[in-house]
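What follows is a set of notes on a single structure, which appears directly below.
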Amino acid sequence: MLNNRVVNIVAIISLGVLLFLDKYLALDIPFWAYGLPVLIFLPLTIRGAINIEASFFMKVVCKADTTENVVALSFDDGPHTEYTPVILDILQREQVPAAFFCIGKNISGSEHLLKRIYADGHVIGNHTYSHDFWFDIKLSRNMLTDMQQMDAVTVNTTGLTPRLFRPPYGVTNPNLARAVKAGNYLPVGWNIRSLDTVAKDETALLNRILEQLKPGAVILLHDTCKITADILPQLIQGIRQQGYQLERIDKMLKVRAYV
């Protein structure tokens, strides 16, 4: 698997070979040639950082290893006072379990929604406390503090300590990998990104998700979007019409949701 360690090793070996050819075999390697490993290293590293399925800096569970026709719904960024209750009502009516990766600061004033998420049989995951735009450039200890703030709010509200963690924007880096390890979290991603936060057309959004269905898929949605609440009944129906069952993410991935 192409990951950060492999890319680093390849880059170092490449530089070592160039130095050997230059200094010991006197091949007069031009100075610009030493930039070639960097030109290879940077794009691969950037791509790995923004592609959560790559598990580039740490192992991230993005799907279930199964041939069964099961998929899991996951919702990020809530709770939202307007759309989370609507989504919970739909899930309750359709008897569909889901995962909610919540932002800690959004829980304040909406503690009743977090309690309902758990009471309705859904999983609560950690999506940091702040979901700060600059979260990815923080030191690992500051990242961990932010994540633990979210845990504290959840414990105070429900008595539960989330184990499942989803990085903001799906971006990973070495600092986050250290914070995740120190906090003993299980990173969880997705392999179907709905793009519901930027979607304008309901039919196009539905088709985008349904066309990507595969056994063990984790679907990324957001309970902060009106369009997501609007299409959810049709989405559930469409998933079932294709012969898939909707499973709770921890059960489908066979992992523990809480510490």
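Residues are named by chain letter and number: chains run A, B, ... in the order of the structure tokens, numbers start at 1 in each chain, and ligands are numbered from 1 in the order shown.
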
(message) Give me the residues near Arg166 (chain A) as a ChimeraX atom specification, where near means some atom within 7 Å (using only C-alpha atoms) and where sequence neighbours in that chain fewer than 3 positions away do not count.
(response) /A:101,126-127,187-189

(request) Could you find all residues in region 42-230 of chain A that DSSP calls alpha helix (DSSP H) from the backbone, and write them as a PyMOL selection string? (result) chain A and resi 42-50+83-94+111-119+140-158+174-183+202-210+226-230

(message) List the spatial neighbours of Lys251 (chain A) as an MDAnalysis selection string - criterion: any atom at most 10 Å away, only C-alpha atoms, same-chain residues fewer than 5 positions off excluded.
(response) chainID A and resid 64 72 256:257

(message) So that I can check the surroundings of Gln245 (chain A), please list as a list of chain:residue names every protein, DNA and RNA residue that reaches within 12 Å of it, counting only C-alpha atoms and ignoring chain neighbours fewer than 6 positions away.
(response)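 Final neighbour list, sorted by chain and number: A:Glu68, A:Asn69, A:Val70, A:Val71, A:Ala72, A:Leu73, A:Glu94, A:Gln95, A:Val96, A:Pro97, A:Leu213, A:Lys214, A:Pro215, A:Gly216, A:Ala217, A:Ile236, A:Gln237, A:Gly238, A:Ile239, A:Met252.
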
(request) May I ask which of the residues A:Ile90, A:Val180, A:Val171, A:Ala99 is the closest one to Asp136 (chain A), counting only C-alpha atoms? (result)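 Once distances to Asp136 (chain A) are computed over only C-alpha atoms, the minimum belongs to A:Val171.
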
(request) Kindly give the distance, in Å, that separates CA of Ile249 (chain A) and CA of Lys115 (chain A), rounded to a single decimal. (result)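 Answer for the CA of Ile249 (chain A) to CA of Lys115 (chain A) separation: 18.4 Å.
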
(message) Set the distance at 9 Å and use only C-alpha atoms: which residues neighbour region 83-85 of chain A once local chain neighbours fewer than 3 positions away are removed? I'd like the list as a count of residues only.
(response) 14

(message) Restricting the calculation to only C-alpha atoms: of A:Ile107, A:Leu210, A:Leu27, A:Ile52, which residue gets closest to Trp190 (chain A)?
(response)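 Result for the nearest residue to Trp190 (chain A): A:Ile52.
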
(message) Considering only strand (DSSP E) as DSSP defines it on the backbone, what residues of region 12-252 of chain A qualify? List them as a PyMOL selection string.
(response) chain A and resi 70-76+98-102+123-126+164-165+186-187+192-193+217-222+245-246

For the residues in that selection, give me C-alpha atoms as a compact mmCIF listing (two decimals), in the first residue's frame.
```txt
# COMPACT_ATOMS: atom_id res chain seq x y z
CA VAL A 70 -25.17 -3.96 3.48
CA VAL A 71 -24.38 -0.26 3.65
CA ALA A 72 -24.24 2.31 6.43
CA LEU A 73 -25.45 5.90 6.59
CA SER A 74 -23.35 8.47 8.40
CA PHE A 75 -24.09 12.14 9.07
CA ASP A 76 -21.48 14.79 9.85
CA ALA A 98 -27.18 5.57 11.37
CA ALA A 99 -24.04 7.21 12.73
CA PHE A 100 -23.82 10.89 13.67
CA PHE A 101 -20.31 12.35 13.82
CA CYS A 102 -21.06 15.43 15.87
CA VAL A 123 -24.15 5.89 17.03
CA ILE A 124 -22.48 9.10 18.22
CA GLY A 125 -19.02 9.73 16.79
CA ASN A 126 -16.38 12.38 17.46
CA LEU A 164 -15.11 6.47 16.50
CA PHE A 165 -13.46 9.59 15.12
CA LEU A 186 -10.68 4.51 15.76
CA PRO A 187 -10.61 6.69 12.61
CA ILE A 192 -19.23 7.16 -0.92
CA ARG A 193 -19.02 10.94 -0.66
CA ALA A 217 -20.16 0.99 1.71
CA VAL A 218 -20.10 3.88 4.19
CA ILE A 219 -22.11 6.83 2.87
CA LEU A 220 -21.16 10.36 3.92
CA LEU A 221 -24.06 12.78 4.41
CA HIS A 222 -24.60 15.88 6.55
CA GLN A 245 -29.89 -3.48 3.88
CA LEU A 246 -29.05 -0.44 5.98
```

(message) Report, in Å with one decimal, the straight-line distance from CA of Ala182 (chain A) to CA of Glu111 (chain A).
(response)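 Separation of CA of Ala182 (chain A) and CA of Glu111 (chain A): 27.3 Å.
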